[in-house]
Structure formats: C-alpha cells, structure tokens
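Notes to accompany the following structure.
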Protein chains: 2
Amino acid sequence: MKLSAKVEYGVRAMAILAYYCQSGPLPLREIADQEGISLKFLEQIFPDLRRAGLISSVRGARGGYILAYPPSEIRVGDIVRAVEGPIVPINCLSESEKDPYCHRKEACLTRYVWEKLRNRINEVLDEVFLDELVDLKPAQTVN
Amino acid sequence: MKLSAKVEYGVRAMAILAYYCQSGPLPLREIADQEGISLKFLEQIFPDLRRAGLISSVRGARGGYILAYPPSEIRVGDIVRAVEGPIVPINCLSESEKDPYCHRKEACLTRYVWEKLRNRINEVLDEVFLDELVDLKPAQTVN
DNA sequence: TGATAACCGAGTTAATTGGTCGGGATTAAA
DNA sequence: TTTAATCCCGACCAATTAACTCGGTTATCA
C-alpha cells in the first residue's frame, strides 16, 4: 500500500513548479538541485506529467517546464494518476485487458470494500490542490 | 498503491471463517479449496493473523482456525494491518528505525497530503466489519 | 557555434512478491 | 498404538518491479 518514489518526487516537483509559476520556464536541473533528486530520474517522470497535460515544456537553452494551469486548478490526484496510472488498490478491480479478469465479480464478498477504498483514495487526493501545498494556504490541519 | 495478494487472500479467508463461525474450527484445506488459493500460501498468512490475535488455532486432526471475536467486532483494517503491517502510503511517513528518517518533516510541503491519505485509508478500512462482508448485511451500496 | 535543456530508449542492480518445498510438532480418531 | 490430519516453521526460488543510471539526440537561445 505504498506510492512509488516517482509519485513522491512528482508531487514535490510540481509543488516547486507551482511556487515559481510566475517566473518563466523552470529547468529540471533547478528542481533536482533544490530537492536533492537525481536529474535523470526527474527526466523520466516529467514526460508523464506532460502527456497528462499538466505541464508544458520549453526546449533548448533557457527552456524548462511550466504548469499548464494555475496551481489552484491542479489536484494532487491528477499528478498521482499521471505518473502511476489509475489507482487500483487490488488487482481484481482492474479494468485493463492484460490483468486477470475477475470472474467472481458478483459473488465476491470482499469486492465492495476495495471499491470503497479506491473511491476514498481518489477523493482525498482530489481534495488537495497545488496552491494549498505552496503555503498560499497556511495552517494546514490534517483531518 | 496496491495491496498485496496476501492481504486479498487474508481478507477473503477471514470472510469464510466468519461465515462458518458457528461450526467448529475450520481447516485451511477447506478455505484453500473453496477459494482456489494455494494451501501453502495460506499457511504463510495465517500465523500473522494469529499473532495479531484475530484468530486462534487448534492443532492436530480435526483442528483448524476459529475467529477470536465475533465477526461484528473484527475490522477489515485489523486484517490488513495484521498481514501487511502499519499502513504507510509513502516512506517519509514511516516511524520505523530502519527507514530513512525524513529530515524535512517541518519544511516538507507535501507531507500533510500523505498524512491525510494515510488517515483516510485507515478510516475506510476500519469502517467495515467482517459481518458486513458475509451477507448478514445485504444491499451494500458503495459510497 | 556553443551551451543549455528537453527528449528518448536501453541497461543495471536490489528488493519485493508470490509463491513452492520439505519436513516437524501436535492431536483426534481408528 | 498407529495413522492421518492439521498447524507450524524455515529455507528456497523465479519473476517482476523499483529506482536509478547511461549514452546519446534534438531543439533553442545567445
């Protein structure tokens, strides 16, 4: 029941991007140095975020990445799903072709717990927007 | 963001155990056959459930396992934590010694999302009791 | 033209997962 | 007292995944 390092770094990087969203494009090098994350590893994460339409890239010298939307419109859930794919807490819930299809769907006693779990995870991640992370809303109380 | 097969089987097995909780001890062989799970794999899961105090075992011929409490008092969350350990959706939340301690605790922008996520996961899993799974409460609507 | 930076795909290493295997200890029943 | 059922335990193993790393190519600016 863990998120990958990719997700952790992805969310952290997006928070940085949100923080500097007024300036021009921010190169990965900056983020890598500031957060102590391997540049090469970041380079592997960012294409996913771009393909998901959350950021856009500027190539060449003085290039970098910028948010495709204001921080107040980007949900943590968007980021998580962009880098990890859809949230599926247990294989039998998977809709994808390659996964072993669950033939016990109707009979399965436990299925409904996993559905509930999946929904709640998506909900909580979608409740939080990038602007909340970057100090614009302080005094965050966990609940 | 996936639960292990151990957890999936563990919860299914516990549901069976709840279903037959009026009869005597149920051998793993029964559960394995009924659910199509490898006996040897189940044998690896059940000690965790016993150590957590959720079931008790009866050794020898005509032995098996029985719930340590009525189904209405056993939470799915108890089972999950018994076989997978505490729910920690991201490493920097870990309290354990061996994990790399997070030195950014206070400064970390993202920490509070992960805390919120961890709390919600525990909540939803603790809302569901074994008796709900075994048909005693039908018409389950996911929400 | 040279430096910067995104882009791409393949390779590597270590850990985890999802099992299997073989046997030992305990107990009820024949 | 033997036998069969059952839990119990630890070792082993193959496949997958995670978390990087490496070596380069392409685009852009100064």
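We name chains A, B, ... following the order of the structure tokens; residues begin at 1 in each chain, and ligands are numbered from 1 as shown.
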
| task | May I have the residues of chain C within 8 Å of chain A, counting only C-alpha atoms (C1' of nucleotides), written as a list of chain:residue names? | result |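 Therefore, the residues near the partner are C:DA3, C:DT4, C:DA5, C:DA6.
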
Any chance you could export the current selection's N, CA and C atoms (P, O5', C5', C4', C3', O3' and C1' of nucleotides) as a short mmCIF file (atom, residue, chain, number, x, y, z; two decimals), in the first residue's frame?
```cif
data_model
loop_
_atom_site.label_atom_id
_atom_site.label_comp_id
_atom_site.auth_asym_id
_atom_site.auth_seq_id
_atom_site.Cartn_x
_atom_site.Cartn_y
_atom_site.Cartn_z
P DA C 3 30.91 25.46 -24.97
"O5'" DA C 3 29.75 25.67 -23.90
"C5'" DA C 3 29.28 26.99 -23.64
"C4'" DA C 3 27.78 26.95 -23.44
"C3'" DA C 3 27.32 25.88 -22.45
"O3'" DA C 3 26.58 26.53 -21.43
"C1'" DA C 3 25.98 25.88 -24.40
P DT C 4 26.23 25.79 -20.09
"O5'" DT C 4 24.65 25.64 -20.17
"C5'" DT C 4 23.86 26.76 -20.56
"C4'" DT C 4 22.51 26.26 -21.04
"C3'" DT C 4 21.86 25.23 -20.13
"O3'" DT C 4 20.58 25.74 -19.77
"C1'" DT C 4 21.72 24.58 -22.41
P DA C 5 19.92 25.30 -18.38
"O5'" DA C 5 18.90 24.21 -18.92
"C5'" DA C 5 17.81 24.66 -19.72
"C4'" DA C 5 17.23 23.53 -20.51
"C3'" DA C 5 16.92 22.27 -19.70
"O3'" DA C 5 15.58 21.91 -19.88
"C1'" DA C 5 17.97 21.74 -21.72
P DA C 6 14.81 20.86 -18.92
"O5'" DA C 6 13.86 20.17 -20.01
"C5'" DA C 6 13.05 21.00 -20.80
"C4'" DA C 6 12.82 20.33 -22.16
"C3'" DA C 6 12.09 19.01 -22.09
"O3'" DA C 6 11.16 18.96 -23.17
"C1'" DA C 6 14.20 18.71 -23.14
#
```

| Residues within 12 Å of DT13 (chain C), only C-alpha atoms (C1' of nucleotides), excluding chain neighbours under 3 positions, as an MDAnalysis selection string | chainID D and resid 17:21

Just the selected residues (N, CA and C atoms (P, O5', C5', C4', C3', O3' and C1' of nucleotides)), exported as a CSV table (one decimal), in the first residue's frame, please.
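File produced: result_13.csv:
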```csv
chain,number,residue,atom,x,y,z
D,17,DT,P,5.4,-6.4,-13.2
D,17,DT,O5',6.2,-5.5,-12.2
D,17,DT,C5',5.9,-5.6,-10.8
D,17,DT,C4',6.9,-4.7,-10.0
D,17,DT,C3',7.0,-3.3,-10.5
D,17,DT,O3',6.7,-2.5,-9.4
D,17,DT,C1',9.1,-4.2,-10.2
D,18,DA,P,6.7,-0.9,-9.5
D,18,DA,O5',8.1,-0.5,-8.8
D,18,DA,C5',8.6,-1.4,-7.8
D,18,DA,C4',9.7,-0.6,-7.1
D,18,DA,C3',9.7,0.9,-7.2
D,18,DA,O3',10.3,1.4,-6.1
D,18,DA,C1',11.5,-0.1,-8.4
D,19,DA,P,10.4,3.0,-5.9
D,19,DA,O5',11.9,3.2,-6.4
D,19,DA,C5',13.0,2.7,-5.6
D,19,DA,C4',14.3,3.0,-6.4
D,19,DA,C3',14.4,4.5,-6.8
D,19,DA,O3',15.8,4.9,-6.6
D,19,DA,C1',14.8,3.1,-8.6
D,20,DC,P,16.1,6.4,-6.1
D,20,DC,O5',16.3,7.3,-7.3
D,20,DC,C5',16.6,7.0,-8.7
D,20,DC,C4',17.7,6.0,-8.9
D,20,DC,C3',18.8,6.6,-9.7
D,20,DC,O3',20.1,6.6,-9.1
D,20,DC,C1',18.0,4.6,-10.7
D,21,DT,P,21.2,7.6,-9.8
D,21,DT,O5',21.7,6.7,-11.1
D,21,DT,C5',22.4,5.5,-10.9
D,21,DT,C4',22.8,5.0,-12.3
D,21,DT,C3',23.7,6.1,-13.1
D,21,DT,O3',24.9,5.4,-13.4
D,21,DT,C1',22.0,5.2,-14.4
```

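Every residue of region 1-141 of chain A found in strand (DSSP E or B) when DSSP is run on the backbone appears here: Leu26, Ile55, Ser56, Ser57, Val58, Gly64, Tyr65, Ile66, Leu67, Arg75 and Phe129 of chain A.
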
Selection export as a CSV table (one decimal), in the first residue's frame, atoms kept: N, CA and C atoms:
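Heads up, here's the output in out31.csv:
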```csv
chain,number,residue,atom,x,y,z
A,26,LEU,N,11.0,26.7,-15.8
A,26,LEU,CA,12.0,26.2,-14.8
A,26,LEU,C,12.6,24.9,-15.3
A,55,ILE,N,1.6,19.9,-17.5
A,55,ILE,CA,2.7,20.9,-17.7
A,55,ILE,C,2.9,21.0,-19.2
A,56,SER,N,3.6,22.1,-19.6
A,56,SER,CA,4.2,22.1,-20.9
A,56,SER,C,5.6,22.4,-20.9
A,57,SER,N,6.3,22.0,-21.9
A,57,SER,CA,7.8,22.1,-21.9
A,57,SER,C,8.3,23.1,-22.9
A,58,VAL,N,9.4,23.7,-22.6
A,58,VAL,CA,10.1,24.6,-23.5
A,58,VAL,C,11.5,24.1,-23.7
A,64,GLY,N,12.7,24.8,-20.1
A,64,GLY,CA,12.3,24.2,-18.8
A,64,GLY,C,10.8,23.8,-18.9
A,65,TYR,N,10.2,23.7,-17.7
A,65,TYR,CA,8.8,23.4,-17.7
A,65,TYR,C,8.0,24.4,-17.0
A,66,ILE,N,6.7,24.5,-17.4
A,66,ILE,CA,5.8,25.4,-16.7
A,66,ILE,C,4.5,24.7,-16.5
A,67,LEU,N,3.7,25.1,-15.5
A,67,LEU,CA,2.4,24.5,-15.3
A,67,LEU,C,1.5,24.8,-16.4
A,75,ARG,N,-4.9,19.2,-9.1
A,75,ARG,CA,-5.2,18.4,-8.0
A,75,ARG,C,-4.0,17.4,-7.8
A,129,PHE,N,-5.3,20.7,-3.7
A,129,PHE,CA,-4.8,21.4,-4.9
A,129,PHE,C,-3.4,21.9,-4.7
```

| message | Tell me as a PyMOL selection string which residues belonging to chain A come within 8 Å of chain B, counting only C-alpha atoms. | response | chain A and resi 1-4+8+11-12+15+87-91+109-110+112-113+115-117+119-121+124-125+128+133-135+140+142-143

The selected residues should be written to file as a compact mmCIF listing (two decimals), in the first residue's frame (atoms: N, CA and C atoms).
```txt
# COMPACT_ATOMS: atom_id res chain seq x y z
N MET A 1 0.83 -1.21 0.00
CA MET A 1 0.00 0.00 0.00
C MET A 1 0.85 1.25 0.00
N LYS A 2 1.81 1.27 -0.89
CA LYS A 2 2.71 2.42 -0.96
C LYS A 2 2.66 3.08 -2.33
N LEU A 3 2.84 4.38 -2.33
CA LEU A 3 3.06 5.09 -3.57
C LEU A 3 4.54 4.98 -3.92
N SER A 4 4.85 5.08 -5.20
CA SER A 4 6.24 4.94 -5.63
C SER A 4 7.02 6.22 -5.39
N GLU A 8 6.16 10.43 -5.29
CA GLU A 8 6.64 11.36 -4.27
C GLU A 8 7.39 12.51 -4.92
N VAL A 11 5.14 14.86 -7.13
CA VAL A 11 4.33 15.84 -6.40
C VAL A 11 5.22 16.95 -5.85
N ARG A 12 6.37 16.57 -5.33
CA ARG A 12 7.29 17.59 -4.82
C ARG A 12 7.72 18.54 -5.93
N ALA A 15 5.05 20.91 -6.86
CA ALA A 15 4.89 21.96 -5.86
C ALA A 15 5.91 23.08 -6.10
N ILE A 87 -5.65 4.54 -10.04
CA ILE A 87 -5.48 3.96 -8.72
C ILE A 87 -6.36 2.73 -8.57
N VAL A 88 -5.72 1.60 -8.38
CA VAL A 88 -6.39 0.31 -8.32
C VAL A 88 -5.79 -0.44 -7.14
N PRO A 89 -6.43 -0.37 -5.96
CA PRO A 89 -5.78 -0.88 -4.77
C PRO A 89 -5.65 -2.40 -4.73
N ILE A 90 -6.37 -3.07 -5.62
CA ILE A 90 -6.25 -4.52 -5.64
C ILE A 90 -6.56 -5.00 -7.06
N ASN A 91 -5.79 -6.00 -7.50
CA ASN A 91 -5.84 -6.35 -8.92
C ASN A 91 -7.22 -6.68 -9.46
N LEU A 109 -17.36 -11.49 -1.98
CA LEU A 109 -17.78 -10.87 -0.73
C LEU A 109 -16.99 -9.59 -0.45
N THR A 110 -15.76 -9.58 -0.90
CA THR A 110 -14.87 -8.50 -0.46
C THR A 110 -14.80 -7.34 -1.44
N TYR A 112 -16.63 -5.09 -2.50
CA TYR A 112 -17.15 -3.77 -2.22
C TYR A 112 -16.26 -2.95 -1.29
N VAL A 113 -15.51 -3.62 -0.44
CA VAL A 113 -14.54 -2.89 0.39
C VAL A 113 -13.49 -2.24 -0.47
N GLU A 115 -13.66 -1.41 -3.59
CA GLU A 115 -14.22 -0.30 -4.38
C GLU A 115 -14.32 0.97 -3.53
N LYS A 116 -14.81 0.77 -2.33
CA LYS A 116 -14.92 1.88 -1.39
C LYS A 116 -13.55 2.50 -1.13
N LEU A 117 -12.58 1.64 -0.92
CA LEU A 117 -11.22 2.11 -0.66
C LEU A 117 -10.69 2.92 -1.83
N ASN A 119 -12.33 4.50 -4.12
CA ASN A 119 -13.03 5.77 -4.23
C ASN A 119 -12.54 6.79 -3.22
N ARG A 120 -12.33 6.33 -2.00
CA ARG A 120 -11.87 7.25 -0.96
C ARG A 120 -10.47 7.77 -1.23
N ILE A 121 -9.62 6.90 -1.73
CA ILE A 121 -8.26 7.35 -2.04
C ILE A 121 -8.30 8.42 -3.10
N VAL A 124 -9.66 11.77 -1.53
CA VAL A 124 -8.77 12.56 -0.69
C VAL A 124 -7.66 13.21 -1.50
N LEU A 125 -7.18 12.50 -2.52
CA LEU A 125 -6.12 13.10 -3.35
C LEU A 125 -6.67 14.21 -4.24
N VAL A 128 -7.10 17.98 -2.56
CA VAL A 128 -5.97 18.88 -2.32
C VAL A 128 -5.43 19.42 -3.65
N LEU A 133 -0.53 23.44 -1.24
CA LEU A 133 0.77 22.91 -0.84
C LEU A 133 1.82 23.99 -0.71
N VAL A 134 1.71 25.02 -1.52
CA VAL A 134 2.78 26.00 -1.54
C VAL A 134 2.51 27.22 -0.68
N ASP A 135 1.97 26.93 0.51
CA ASP A 135 2.00 27.96 1.53
C ASP A 135 0.95 29.06 1.32
N GLN A 140 -2.24 24.36 7.91
CA GLN A 140 -2.95 23.18 7.42
C GLN A 140 -3.15 22.18 8.55
N VAL A 142 -4.39 18.56 9.52
CA VAL A 142 -4.72 17.23 8.98
C VAL A 142 -6.00 16.74 9.62
N ASN A 143 -6.85 16.16 8.80
CA ASN A 143 -8.04 15.56 9.44
C ASN A 143 -8.46 14.30 8.74
```

| message | Can you tell me, as an MDAnalysis selection string, which residues in chain A count as alpha helix (DSSP H) by DSSP? | response | chainID A and resid 5:19 28:35 39:51 76:84 111:127 130:133

Could you make a table, as CSV, of the residues of chain D that have an atom within 9 Å of an atom of chain B, each with its nearest atom pair and distance in Å to one decimal, counting only C-alpha atoms (C1' of nucleotides), in chain and number order?
```
residue,atom,partner,partner_atom,distance
D:DA4,C1',B:Ala61,CA,7.4
D:DA5,C1',B:Ala61,CA,4.1
D:DT6,C1',B:Gly60,CA,4.7
D:DC7,C1',B:Arg59,CA,5.1
D:DC8,C1',B:Glu43,CA,8.4
```

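Neighbours of Pro70 (chain B) closer than or equal to 10 Å, with only C-alpha atoms (C1' of nucleotides) counted and sequence neighbours fewer than 5 positions away skipped, come out as Ala18, Cys21, Gln22, Leu54, Phe129, Leu130 and Asp131 of chain B.
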
Go ahead and write the residues just picked, C-alpha atoms, as an mmCIF file, in the first residue's frame.
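Wrote it out as again06.cif, contents follow:
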```cif
data_model
loop_
_atom_site.group_PDB
_atom_site.id
_atom_site.type_symbol
_atom_site.label_atom_id
_atom_site.label_comp_id
_atom_site.auth_asym_id
_atom_site.auth_seq_id
_atom_site.Cartn_x
_atom_site.Cartn_y
_atom_site.Cartn_z
ATOM 1 C CA ALA B 18 -16.750 -15.521 9.664
ATOM 2 C CA CYS B 21 -18.007 -19.166 12.704
ATOM 3 C CA GLN B 22 -20.825 -21.197 14.302
ATOM 4 C CA LEU B 54 -7.634 -12.102 15.383
ATOM 5 C CA PHE B 129 -16.556 -5.170 9.804
ATOM 6 C CA LEU B 130 -16.465 -8.834 8.899
ATOM 7 C CA ASP B 131 -20.173 -9.348 9.445
#
```

| request: Quick one: pull the distance between CA of Gly77 (chain A) and CA of Asp126 (chain A), Å, one decimal. | output: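 Atom-to-atom, CA of Gly77 (chain A) to CA of Asp126 (chain A), that is 4.8 Å.
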
| said: Can you measure CA of Glu35 (chain A) to CA of Leu17 (chain A) for me? One decimal in Å is fine. | reply: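 Pair CA of Glu35 (chain A) / CA of Leu17 (chain A) returns 11.8 Å.
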
| query | Pick from D:DT25, D:DT3, D:DA30, D:DG10: nearest to DG24 (chain C), with only C-alpha atoms (C1' of nucleotides) counted? | reply |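 Ranking D:DT25, D:DT3, D:DA30, D:DG10 by distance to DG24 (chain C), first place goes to D:DG10.
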